[in-house]
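Here the structure is laid out as C-alpha cells; the discussion comes afterwards.
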Amino acid sequence: MSAGERGVDDLAEIFDLLEFPTISHDEMRNMLSFSIPFHNHSRMWANRGYTPKEIMEMRSRP
C-alpha cells in the first residue's frame with residue numbers, strides 16, 4: 001500500500017468516526033487533489049499571512 005493510499009484510508013476512518021456520508025476512495029482522492037493545493041497556497045492568519053508553501057521555502061533556505 002502506498003503512502004497516498006494509507007492517507008486516504010486514514011481520512012476514511014476519520015470520516016467514519018465523525019459519521020460523515022460514505023464516499024469511495026476515488027471520490028476522496030479527487031477531493032484531496034483539490035483541497036491539498038488549496039490549503040498549501042492559502043494565506044493563513046496563524047502563519048502570520050504566509051502560505052504553508054512559503055514557510056517551507058523559508059525553512060529550506062540556508
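All residue names refer to the C-alpha cells as shown: chains lettered A, B, ... in order, residues numbered from 1 in each chain, ligands numbered from 1 in order.
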Excluding same-chain residues fewer than 6 positions from A:Arg43, what lies within 12 Å of it counting only C-alpha atoms, as an mmCIF file with all heavy atoms, in the first residue's frame?
```cif
data_model
loop_
_atom_site.group_PDB
_atom_site.id
_atom_site.type_symbol
_atom_site.label_atom_id
_atom_site.label_comp_id
_atom_site.auth_asym_id
_atom_site.auth_seq_id
_atom_site.Cartn_x
_atom_site.Cartn_y
_atom_site.Cartn_z
ATOM 1 N N GLY A 49 0.109 35.395 7.872
ATOM 2 C CA GLY A 49 -0.162 35.794 6.497
ATOM 3 C C GLY A 49 0.601 35.027 5.443
ATOM 4 O O GLY A 49 0.394 35.241 4.252
ATOM 5 N N TYR A 50 1.476 34.130 5.845
ATOM 6 C CA TYR A 50 2.217 33.315 4.887
ATOM 7 C C TYR A 50 1.428 32.062 4.538
ATOM 8 O O TYR A 50 0.614 31.587 5.321
ATOM 9 C CB TYR A 50 3.582 32.894 5.455
ATOM 10 C CG TYR A 50 4.554 34.034 5.617
ATOM 11 C CD1 TYR A 50 4.809 34.572 6.869
ATOM 12 C CD2 TYR A 50 5.224 34.559 4.520
ATOM 13 C CE1 TYR A 50 5.702 35.617 7.033
ATOM 14 C CE2 TYR A 50 6.117 35.602 4.674
ATOM 15 C CZ TYR A 50 6.354 36.133 5.920
ATOM 16 O OH TYR A 50 7.234 37.161 6.068
ATOM 17 N N THR A 51 1.721 31.523 3.374
ATOM 18 C CA THR A 51 1.138 30.236 3.000
ATOM 19 C C THR A 51 2.037 29.125 3.548
ATOM 20 O O THR A 51 3.232 29.354 3.791
ATOM 21 C CB THR A 51 1.051 30.081 1.469
ATOM 22 O OG1 THR A 51 2.363 29.997 0.925
ATOM 23 C CG2 THR A 51 0.287 31.226 0.820
ATOM 24 N N PRO A 52 1.508 27.920 3.747
ATOM 25 C CA PRO A 52 2.366 26.815 4.165
ATOM 26 C C PRO A 52 3.529 26.588 3.199
ATOM 27 O O PRO A 52 4.647 26.293 3.615
ATOM 28 C CB PRO A 52 1.416 25.616 4.189
ATOM 29 C CG PRO A 52 0.086 26.213 4.505
ATOM 30 C CD PRO A 52 0.081 27.526 3.753
ATOM 31 N N LYS A 53 3.288 26.774 1.899
ATOM 32 C CA LYS A 53 4.347 26.604 0.900
ATOM 33 C C LYS A 53 5.465 27.630 1.115
ATOM 34 O O LYS A 53 6.646 27.295 1.053
ATOM 35 C CB LYS A 53 3.754 26.748 -0.495
ATOM 36 C CG LYS A 53 4.729 26.471 -1.611
ATOM 37 C CD LYS A 53 4.014 26.526 -2.954
ATOM 38 C CE LYS A 53 4.889 26.100 -4.076
ATOM 39 N NZ LYS A 53 5.810 27.086 -4.542
ATOM 40 N N GLU A 54 5.101 28.893 1.392
ATOM 41 C CA GLU A 54 6.112 29.923 1.626
ATOM 42 C C GLU A 54 6.932 29.619 2.881
ATOM 43 O O GLU A 54 8.148 29.820 2.902
ATOM 44 C CB GLU A 54 5.446 31.296 1.771
ATOM 45 C CG GLU A 54 4.872 31.820 0.476
ATOM 46 C CD GLU A 54 4.021 33.062 0.661
ATOM 47 O OE1 GLU A 54 3.441 33.260 1.759
ATOM 48 O OE2 GLU A 54 3.923 33.823 -0.313
ATOM 49 N N ILE A 55 6.286 29.122 3.912
ATOM 50 C CA ILE A 55 7.005 28.788 5.145
ATOM 51 C C ILE A 55 8.005 27.663 4.887
ATOM 52 O O ILE A 55 9.143 27.720 5.356
ATOM 53 C CB ILE A 55 6.013 28.430 6.269
ATOM 54 C CG1 ILE A 55 5.274 29.694 6.696
ATOM 55 C CG2 ILE A 55 6.731 27.791 7.449
ATOM 56 C CD1 ILE A 55 4.178 29.476 7.690
#
```
## Note on the structure
Atom pair atom CA of A:Ser33 + atom CA of A:Val8, distance 11.2 Å
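Computed from the coordinates, the atom CA of A:Ile14 to atom CA of A:Ala46 distance equals 23.9 Å.
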### Query
If we count only C-alpha atoms, what is near A:His25 at a cut-off of 10 Å, once residues fewer than 4 positions away on the same chain are taken out, given as a ChimeraX atom specification?
/A:5,8-9,11-12,29-31
### For atom CA of A:Glu57 and atom CA of A:Met28, the interatomic separation in Å (one decimal)
28.0 Å
